[in-house]
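S.K.: Dumping the structure here so I can ask a few things about it.
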Amino acid sequence: MSGFLILGASSDIAAELVRRLHAAGHRTLLAARDVGRLADLAAETDSDVLEFDATDGESVTAAFKAAKEAFGDDFAGAANMVGSFMMKAAHITSDEEWRETIATNLDSAFYCVRAAGKTMRDGGSVVLMGSVAGRIGVHSHEAIAAAKAGVMGLTLSAAATYANRGLQFNCVSPGLTQTKLTARVWQNDAAAEASRDMHALHRLGEPGDVAAAVAFLLDPANSWITGQEIGVDGGMSAVVVKNQKRS
């Protein structure tokens with residue numbers, strides 16, 4: 001039975017990930033800014049909770065140390081599920097919005113890598129979250145695209161740096177996934193249909209779609225995978241479909 005640290009555990013995708021890990025017999029330590037939002041999930045999965053700030057390096061390192069203390073040699077991995085969603089062209093994005101987007105998405109990922117490098121001396125798996133917007137050009141996504149492209153570069157460099165201790169770093173990059181964070185898009189019929197048309201499989205993602213990929217990369221059985229960026233995006237970043245009408 002392995003132990004996993006889930007950062008940003010209050011998100012919809014993180015909750016599905018925790019449930020999958022629990023069903024597989026693993027233990028989880030759930031970290032979030034607002035631990036009150038974790039009460040039901042923690043009870044459901046018999047998990048401990050930890051308050052932390054993803055944009056504060058010392059707080060992230062403390063979370064990794066807490067996981068190491070809780071799981072000991074069974075501490076097998078961590079997933080940084082912290083993120084944000086903003087659709088704005090650069091010319092109407094404020095300095096505050098830019099800094100918040102970078103802090104939430106890129107700073108948190110870097111702090112996760114740094115903390116893993118300090119505490120996971122005997123290997124393990126770390127999964128970071130990218131985005132389809134970091135892989136291809138998507139209208140009005142400049143800030144989030146810059147942050148997520150940075151996460152992808154960070155993943156590659158970290159995978160090279162820590163390979164000699166068996167520490168894996170991989171990245172999962174979703175397309176539009178139906179969560180509370182993105183509700184204003186997919187709950188709008190016109191916007192949802194336009195987005196489905198951008199995805200080769202002509203549907204929007206579900207939290208479980210993304211959680212399944214993260215769980216796969218965390219699984220100690222898949223310890224020969226590192227430096228990979230996996231698009232869980234319905235084919236949006238790789239496939240051009242001539243006609244989206246269902247046959």
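Ligands are numbered from 1 in the order shown, chains are lettered A, B, ... in the order of the structure tokens, and residues start at 1 in each chain.
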Against segment 1-16 of chain A, which residues of segment 149-241 of chain A fall within 8 Å? For each one I want the closest pair of atoms and the distance in Å (one decimal), counting only C-alpha atoms, rows by chain and increasing residue number, as a tab-separated table.

M.R.:
```
residue	atom	partner	partner_atom	distance
A:Thr179	CA	A:Asp12	CA	6.0
A:Lys180	CA	A:Asp12	CA	7.2
A:Pro207	CA	A:Ile13	CA	4.5
A:Gly208	CA	A:Glu16	CA	5.8
A:Val210	CA	A:Ile13	CA	6.7
A:Ala211	CA	A:Ile13	CA	5.7
```

S.K.: Just want the 7 Å neighbourhood of Ala200 of chain A, counted on only C-alpha atoms, with same-chain residues fewer than 2 positions away dropped. Output as a list in words.

M.R.: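 Counting only C-alpha atoms, the residues come to Met198, His202, Gly234, Gly235, Met236, Val239, Val240 and Val241 of chain A.
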
S.K.: Check the smallest atom-to-atom distance from each of A:Met129, A:Val113, A:Leu176, A:Val138 to Ala158 of chain A using only C-alpha atoms, then report the winner.

M.R.: A:Val113

S.K.: Find the residue from A:Leu41, A:Ala90, A:Met120, A:Val214 that sits nearest to Asp73 of chain A; use only C-alpha atoms when measuring.

M.R.: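 Using only C-alpha atoms, Asp73 of chain A sits closest to A:Met120.
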
S.K.: Just list as a ChimeraX atom specification whatever in segment 2-239 of chain A DSSP marks as strand (DSSP E or B).

M.R.: /A:3-7,27-32,48-51,75-80,88,124-129,141,167-174,177,205,229-232

S.K.: Using only C-alpha atoms, which of the listed residues (A:Thr101, A:Ser131, A:Asn170, A:Ser125) sits closest to Glu229 of chain A?

M.R.: A:Asn170

S.K.: Based on the backbone DSSP call, show me all residues of segment 64-204 of chain A assigned alpha helix (DSSP H), as number ranges by chain.

M.R.: A: 64-71, 95-102, 108-119, 142-162, 183-186, 189-198

S.K.: Could you write out the selected residues, including C-alpha atoms, as an mmCIF file, in the first residue's frame?

M.R.:
```cif
data_model
loop_
_atom_site.group_PDB
_atom_site.id
_atom_site.type_symbol
_atom_site.label_atom_id
_atom_site.label_comp_id
_atom_site.auth_asym_id
_atom_site.auth_seq_id
_atom_site.Cartn_x
_atom_site.Cartn_y
_atom_site.Cartn_z
ATOM 1 C CA PHE A 64 5.931 17.127 1.371
ATOM 2 C CA LYS A 65 7.648 16.717 4.726
ATOM 3 C CA ALA A 66 4.298 15.915 6.322
ATOM 4 C CA ALA A 67 3.666 13.254 3.675
ATOM 5 C CA LYS A 68 7.093 11.761 4.290
ATOM 6 C CA GLU A 69 6.418 11.652 8.022
ATOM 7 C CA ALA A 70 2.972 10.127 7.496
ATOM 8 C CA PHE A 71 3.925 7.477 4.954
ATOM 9 C CA ASP A 95 -1.046 42.776 -14.023
ATOM 10 C CA GLU A 96 -2.795 41.263 -11.018
ATOM 11 C CA GLU A 97 -4.517 38.607 -13.150
ATOM 12 C CA TRP A 98 -1.249 37.766 -14.873
ATOM 13 C CA ARG A 99 0.662 37.415 -11.613
ATOM 14 C CA GLU A 100 -2.110 35.344 -10.025
ATOM 15 C CA THR A 101 -2.239 33.000 -13.031
ATOM 16 C CA ILE A 102 1.523 32.475 -13.001
ATOM 17 C CA SER A 108 2.985 26.022 -7.492
ATOM 18 C CA ALA A 109 4.416 23.483 -9.950
ATOM 19 C CA PHE A 110 7.976 24.697 -9.385
ATOM 20 C CA TYR A 111 7.551 24.576 -5.605
ATOM 21 C CA CYS A 112 6.222 21.029 -5.971
ATOM 22 C CA VAL A 113 9.295 19.991 -7.986
ATOM 23 C CA ARG A 114 11.643 21.669 -5.515
ATOM 24 C CA ALA A 115 9.966 20.062 -2.514
ATOM 25 C CA ALA A 116 10.023 16.645 -4.175
ATOM 26 C CA GLY A 117 13.725 17.068 -4.874
ATOM 27 C CA LYS A 118 14.320 17.812 -1.195
ATOM 28 C CA THR A 119 12.199 15.072 0.341
ATOM 29 C CA GLU A 142 -2.331 33.956 -23.314
ATOM 30 C CA ALA A 143 -1.735 34.008 -19.566
ATOM 31 C CA ILE A 144 -2.747 30.426 -18.833
ATOM 32 C CA ALA A 145 -0.972 29.210 -21.972
ATOM 33 C CA ALA A 146 2.279 30.823 -20.838
ATOM 34 C CA ALA A 147 1.952 29.291 -17.368
ATOM 35 C CA LYS A 148 1.124 25.807 -18.620
ATOM 36 C CA ALA A 149 3.837 25.837 -21.294
ATOM 37 C CA GLY A 150 6.210 26.647 -18.451
ATOM 38 C CA VAL A 151 4.919 23.622 -16.526
ATOM 39 C CA MET A 152 5.709 21.411 -19.509
ATOM 40 C CA GLY A 153 9.278 22.708 -19.731
ATOM 41 C CA LEU A 154 9.645 22.320 -15.981
ATOM 42 C CA THR A 155 8.516 18.701 -16.253
ATOM 43 C CA LEU A 156 11.176 17.867 -18.829
ATOM 44 C CA SER A 157 14.018 19.501 -16.933
ATOM 45 C CA ALA A 158 13.026 17.948 -13.603
ATOM 46 C CA ALA A 159 12.764 14.516 -15.222
ATOM 47 C CA ALA A 160 16.347 14.866 -16.424
ATOM 48 C CA THR A 161 17.692 16.264 -13.162
ATOM 49 C CA TYR A 162 16.231 13.640 -10.833
ATOM 50 C CA ALA A 183 -18.709 25.792 -15.460
ATOM 51 C CA ARG A 184 -19.295 29.185 -17.072
ATOM 52 C CA VAL A 185 -18.090 27.733 -20.377
ATOM 53 C CA TRP A 186 -19.654 24.272 -20.521
ATOM 54 C CA ASP A 189 -24.938 25.743 -24.664
ATOM 55 C CA ALA A 190 -23.333 27.688 -27.503
ATOM 56 C CA ALA A 191 -19.904 27.740 -25.896
ATOM 57 C CA ALA A 192 -20.104 24.046 -25.017
ATOM 58 C CA GLU A 193 -21.013 23.072 -28.564
ATOM 59 C CA ALA A 194 -18.222 25.226 -29.999
ATOM 60 C CA SER A 195 -15.786 23.522 -27.652
ATOM 61 C CA ARG A 196 -17.035 20.050 -28.565
ATOM 62 C CA ASP A 197 -16.389 20.922 -32.196
ATOM 63 C CA MET A 198 -12.731 21.614 -31.315
#
```

S.K.: Determine, counting only C-alpha atoms, which protein, DNA and RNA residues have an atom within 12 Å of an atom of Pro220 of chain A; residues of the same chain fewer than 5 positions away are not included. Present the result as a ChimeraX atom specification.

M.R.: /A:1-4,21,24,26,74-78,123-126,166-168,215,225

S.K.: Please, what distance in Å, to one decimal, runs between atom CA of Asp122 of chain A and atom CA of Phe216 of chain A?

M.R.: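 Going from atom CA of Asp122 of chain A over to atom CA of Phe216 of chain A, I get 19.8 Å.
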
S.K.: Rank nothing, just name the residue among A:Ser173, A:Gln228, A:Leu201, A:Thr45 nearest to Ala23 of chain A, using only C-alpha atoms.

M.R.: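 Checking each of A:Ser173, A:Gln228, A:Leu201, A:Thr45 against Ala23 of chain A, counting only C-alpha atoms, the winner is A:Thr45.
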